[in-house]
2 protein chains.
Amino acid sequence: MNDLIIIGSGPAGLSAALTAKRRNLSFVWFGNKNLSQKVLSASRITNYPGLIDISGEEMVDVFKKQIEHEKLEIIDKKVNNIMRVSDKYMVSAGSDVYEGKTIILAIGVDNKKSIEGEEGFVGKGVSYCATCDGMFYRGKDIAVLCTNKEYEEEVEFLAGLVNKLYLFVTYDTDIKLENADVIKEKPAKITGDTKVFGISYNESDGVEKSIDIDGIFILRDVIKPNTLLKSLAMDGNHIAVNRKQETNLPGVFAAGDCTGRPYQYTKAVGEGNVCIQSVVEYLAKNV
Amino acid sequence: MNDLIIIGSGPAGLSAALTAKRRNLSFVWFGNKNLSQKVLSASRITNYPGLIDISGEEMVDVFKKQIEHEKLEIIDKKVNNIMRVSDKYMVSAGSDVYEGKTIILAIGVDNKKSIEGEEGFVGKGVSYCATCDGMFYRGKDIAVLCTNKEYEEEVEFLAGLVNKLYLFVTYDTDIKLENADVIKEKPAKITGDTKVFGISYNESDGVEKSIDIDGIFILRDVIKPNTLLKSLAMDGNHIAVNRKQETNLPGVFAAGDCTGRPYQYTKAVGEGNVCIQSVVEYLAKNV
């Protein structure tokens, strides 16, 4: 079993991975091969100690070289769920499950609001993972909120399973699917009783429209932390941590934007580093 | 008056200075032109995100280039004392006094033990600053503990004032002064009643020897934080801070090794960055 599973490949995740290697931990690192969309799109960074007045692209480039130099591997799968099972954690990513004694969440922050009703229906018709839950909707009618071209593969997978698909997109795309209506709006509200039965949205002319559905898949870059890992304590929109980056769950640590402001690369790398010290202490005591 | 005074030029102080500039604060930065003896003497650093497998010397070199590029200025004076006066802080450095609305302590950590008796006699015969307190010992007999060749100028200054000087050195030196006995041992104990009257040490053969003195100057790289700034709350050997890097004193923040383990450059830069966010919040509320 792995000592550690790191989730996220922004500056906080990278910092944790570099120090985990140096501390000789066995670990698996999940993230995006492009590391961080946020860093990539930064214009100039003038206050990161050691990198003099660089662009976000240059920063990502240096980070990629460092990852290669240190022979670190990023597993480019989306983590859908984390479960505590006795004294370890099970991480489901894509269609595989990984086990770790400890977890570092370096998953960034999503400042976009949830859809009204979203949180109450998680597991009752709201899903974040096409490959995990798609089969439950074979032959049914579903909605999908797709926020990034990268997830269109998942949309196509779902279209192949279901009867009718209402595809909400928040970016420019020319995706066409036989059984899908493409709606260039955001869903406004998810409705249901013991499970989801409808979704509404506002058309461009302001008229509210409702559709009957059996479920909705929400494909976002960032999953809300306490959706990913149940009973994780939050502080507003952020994961609650102390100075050791400990969360309320034993063996689970968090670093970077997901723990709160300032949303700065320098703060993120610092917290990623501190996490490893805490992981090492935890392993020494508990395993 | 300055918005901010940063004390220390290791990675934490540098990170604070870079971000202070970016946030447009008016500030003064005290430190050593060589930045950090600790960084300089590091062999290989393989876990600092963005600097790939470098030596301590190379890291200092990059930091110096960045300081030049960002037109930051380090004032190479030793800070001797910080005092709160109404709602601001007075920092005495060398023979000058600087005023700031806020303070960031990035002063590193000294793991060397105090001399027995040292803490009880601060201001009663124990001094950390030759230029500040030398005049009080004109014509008297003093001891000096010198821990670094850099401070030999201060030793010479003192030798020119006093009658007899007992110079304890903890490094290799060939310093010679007419009125000084050079003792290549550490002082063991400072003795006195309402003020210092003696010092003892163990000779190389183990025999304890006592000397009558009127005072002792202790010239160390790192001054204990609560000696520098009275009533600063400590947590053991470290400055007590919360997640915002706030100390118990309003407007005083701390970052880097002085706030505790891990003693890592990456952790230090992160904390230096967070300090600026807290300084900005403090200034918005209090000034």
# chains A, B, ... in the order shown; residues from 1 in each chain; ligands from 1
$ residues_around --residues "region 142-146 of chain B" --least-positions-apart "6" --cutoff "6 Å" --atoms "only C-alpha atoms" --output "ChimeraX atom specification"
/B:165-169,213-219
$ write_last_selection --atoms "all heavy atoms" --output "tab-separated table (two decimals), in the first residue's frame"
chain	number	residue	atom	x	y	z
B	165	LEU	N	39.52	43.29	28.05
B	165	LEU	CA	38.48	42.56	27.33
B	165	LEU	C	38.83	41.08	27.30
B	165	LEU	O	39.94	40.71	26.90
B	165	LEU	CB	38.38	43.15	25.91
B	165	LEU	CG	37.20	42.75	25.03
B	165	LEU	CD1	36.92	43.83	23.99
B	165	LEU	CD2	37.46	41.44	24.35
B	166	TYR	N	37.93	40.23	27.74
B	166	TYR	CA	38.09	38.78	27.64
B	166	TYR	C	37.26	38.31	26.45
B	166	TYR	O	36.02	38.39	26.50
B	166	TYR	CB	37.64	38.09	28.93
B	166	TYR	CG	38.44	38.57	30.13
B	166	TYR	CD1	37.99	39.62	30.93
B	166	TYR	CD2	39.67	37.98	30.44
B	166	TYR	CE1	38.73	40.08	32.00
B	166	TYR	CE2	40.42	38.43	31.52
B	166	TYR	CZ	39.95	39.49	32.28
B	166	TYR	OH	40.70	39.93	33.35
B	167	LEU	N	37.95	37.90	25.40
B	167	LEU	CA	37.25	37.59	24.15
B	167	LEU	C	37.08	36.08	23.99
B	167	LEU	O	38.06	35.36	23.77
B	167	LEU	CB	38.03	38.16	22.95
B	167	LEU	CG	37.45	37.86	21.57
B	167	LEU	CD1	36.03	38.42	21.43
B	167	LEU	CD2	38.37	38.41	20.48
B	168	PHE	N	35.85	35.62	24.09
B	168	PHE	CA	35.54	34.21	23.85
B	168	PHE	C	35.20	34.05	22.37
B	168	PHE	O	34.31	34.75	21.86
B	168	PHE	CB	34.34	33.77	24.70
B	168	PHE	CG	34.63	33.78	26.18
B	168	PHE	CD1	34.51	34.95	26.93
B	168	PHE	CD2	35.02	32.61	26.82
B	168	PHE	CE1	34.79	34.96	28.28
B	168	PHE	CE2	35.28	32.60	28.18
B	168	PHE	CZ	35.17	33.78	28.92
B	169	VAL	N	35.89	33.14	21.69
B	169	VAL	CA	35.60	32.93	20.26
B	169	VAL	C	35.24	31.46	20.03
B	169	VAL	O	35.79	30.56	20.67
B	169	VAL	CB	36.78	33.33	19.34
B	169	VAL	CG1	36.96	34.83	19.32
B	169	VAL	CG2	38.06	32.62	19.73
B	213	ILE	N	33.96	40.54	35.77
B	213	ILE	CA	33.68	41.47	34.66
B	213	ILE	C	32.53	42.39	35.06
B	213	ILE	O	31.78	42.12	35.99
B	213	ILE	CB	33.26	40.73	33.36
B	213	ILE	CG1	32.11	39.75	33.64
B	213	ILE	CG2	34.45	40.03	32.71
B	213	ILE	CD1	31.41	39.22	32.42
B	214	ASP	N	32.42	43.50	34.31
B	214	ASP	CA	31.33	44.44	34.55
B	214	ASP	C	30.17	44.21	33.57
B	214	ASP	O	29.08	44.74	33.76
B	214	ASP	CB	31.85	45.88	34.39
B	214	ASP	CG	32.92	46.19	35.42
B	214	ASP	OD1	32.62	46.08	36.63
B	214	ASP	OD2	34.06	46.51	35.02
B	215	GLY	N	30.47	43.45	32.53
B	215	GLY	CA	29.39	43.20	31.57
B	215	GLY	C	29.87	42.24	30.49
B	215	GLY	O	31.07	41.96	30.37
B	216	ILE	N	28.93	41.70	29.74
B	216	ILE	CA	29.30	40.82	28.63
B	216	ILE	C	28.48	41.18	27.38
B	216	ILE	O	27.27	41.42	27.46
B	216	ILE	CB	29.13	39.32	28.98
B	216	ILE	CG1	29.43	38.45	27.74
B	216	ILE	CG2	27.73	39.02	29.55
B	216	ILE	CD1	29.59	36.97	28.03
B	217	PHE	N	29.17	41.22	26.25
B	217	PHE	CA	28.52	41.41	24.96
B	217	PHE	C	28.45	40.07	24.25
B	217	PHE	O	29.46	39.38	24.14
B	217	PHE	CB	29.31	42.42	24.11
B	217	PHE	CG	29.12	43.83	24.58
B	217	PHE	CD1	29.86	44.32	25.64
B	217	PHE	CD2	28.18	44.66	23.99
B	217	PHE	CE1	29.67	45.62	26.11
B	217	PHE	CE2	27.97	45.95	24.43
B	217	PHE	CZ	28.72	46.44	25.51
B	218	ILE	N	27.27	39.72	23.79
B	218	ILE	CA	27.10	38.44	23.11
B	218	ILE	C	26.77	38.74	21.65
B	218	ILE	O	25.71	39.29	21.34
B	218	ILE	CB	25.98	37.62	23.79
B	218	ILE	CG1	26.40	37.33	25.25
B	218	ILE	CG2	25.72	36.32	23.03
B	218	ILE	CD1	25.33	36.66	26.08
B	219	LEU	N	27.70	38.42	20.76
B	219	LEU	CA	27.54	38.76	19.35
B	219	LEU	C	27.23	37.48	18.57
B	219	LEU	O	28.12	36.72	18.19
B	219	LEU	CB	28.81	39.44	18.82
B	219	LEU	CG	29.28	40.64	19.66
B	219	LEU	CD1	30.59	41.21	19.12
B	219	LEU	CD2	28.21	41.72	19.75
$ residues_around --residues "Glu99 (chain A)" --least-positions-apart "3" --cutoff "6 Å" --atoms "only C-alpha atoms" --output "PyMOL selection string"
chain A and resi 1+89-90
$ atom_distance --atom1 "CA of Thr19 (chain B)" --atom2 "CA of Asn47 (chain A)"
5.4 Å
$ select_by_dssp --residues "region 19-143 of chain A" --states "strand (DSSP E)" --output "PyMOL selection string"
chain A and resi 27-30+44-45+54-55+79-85+88-93+96-105+126-127+141-143
$ select_by_dssp --residues "region 78-224 of chain B" --states "alpha helix (DSSP H)" --output "ChimeraX atom specification"
/B:130-133,152-159
$ interface_residues --of "chain B" --to "chain A" --cutoff "8 Å" --atoms "only C-alpha atoms" --output "number ranges by chain"
B: 11, 14-15, 18-19, 22, 46-52, 59, 62-63, 65-66, 69, 242-243, 262, 264, 266-271, 273-274, 277
$ closest_residue --among "A:Ile190, A:Leu229, A:Ile223, A:Val39" --to "Glu118 (chain A)" --atoms "only C-alpha atoms"
A:Ile190
$ closest_residue --among "B:Gln37, B:Ser26, B:Thr131, B:Ser200" --to "Val222 (chain B)" --atoms "only C-alpha atoms"
B:Gln37
$ residues_around --residues "Ala188 (chain A)" --least-positions-apart "2" --cutoff "9 Å" --atoms "only C-alpha atoms" --output "MDAnalysis selection string"
chainID A and resid 115:116 185:186 190 199:202 208
$ atom_distance --atom1 "CA of Lys71 (chain B)" --atom2 "CA of Asn2 (chain B)"
17.4 Å
$ atom_distance --atom1 "CA of Val91 (chain B)" --atom2 "CA of Asp221 (chain B)"
17.3 Å
$ closest_residue --among "A:Thr227, A:Ile211, A:Asn34, A:Ala130" --to "Ser114 (chain A)" --atoms "only C-alpha atoms"
A:Thr227
$ closest_residue --among "A:Asn226, A:Thr173, A:Asn179, A:Thr147" --to "Gly160 (chain A)" --atoms "only C-alpha atoms"
A:Asn179
$ residues_around --residues "Gly139 (chain B)" --least-positions-apart "3" --cutoff "7 Å" --atoms "only C-alpha atoms" --output "PDB file with N, CA and C atoms, in the first residue's frame"
ATOM      1  N   LEU B 161      37.383  50.984  23.807  1.00  0.00           N
ATOM      2  CA  LEU B 161      36.685  51.706  24.881  1.00  0.00           C
ATOM      3  C   LEU B 161      37.049  51.216  26.272  1.00  0.00           C
ATOM      4  N   VAL B 162      37.199  49.912  26.389  1.00  0.00           N
ATOM      5  CA  VAL B 162      37.247  49.326  27.733  1.00  0.00           C
ATOM      6  C   VAL B 162      38.678  49.199  28.244  1.00  0.00           C
ATOM      7  N   ASN B 163      38.804  48.865  29.513  1.00  0.00           N
ATOM      8  CA  ASN B 163      40.113  48.615  30.111  1.00  0.00           C
ATOM      9  C   ASN B 163      40.632  47.261  29.676  1.00  0.00           C
TER      10      ASN B 163
END
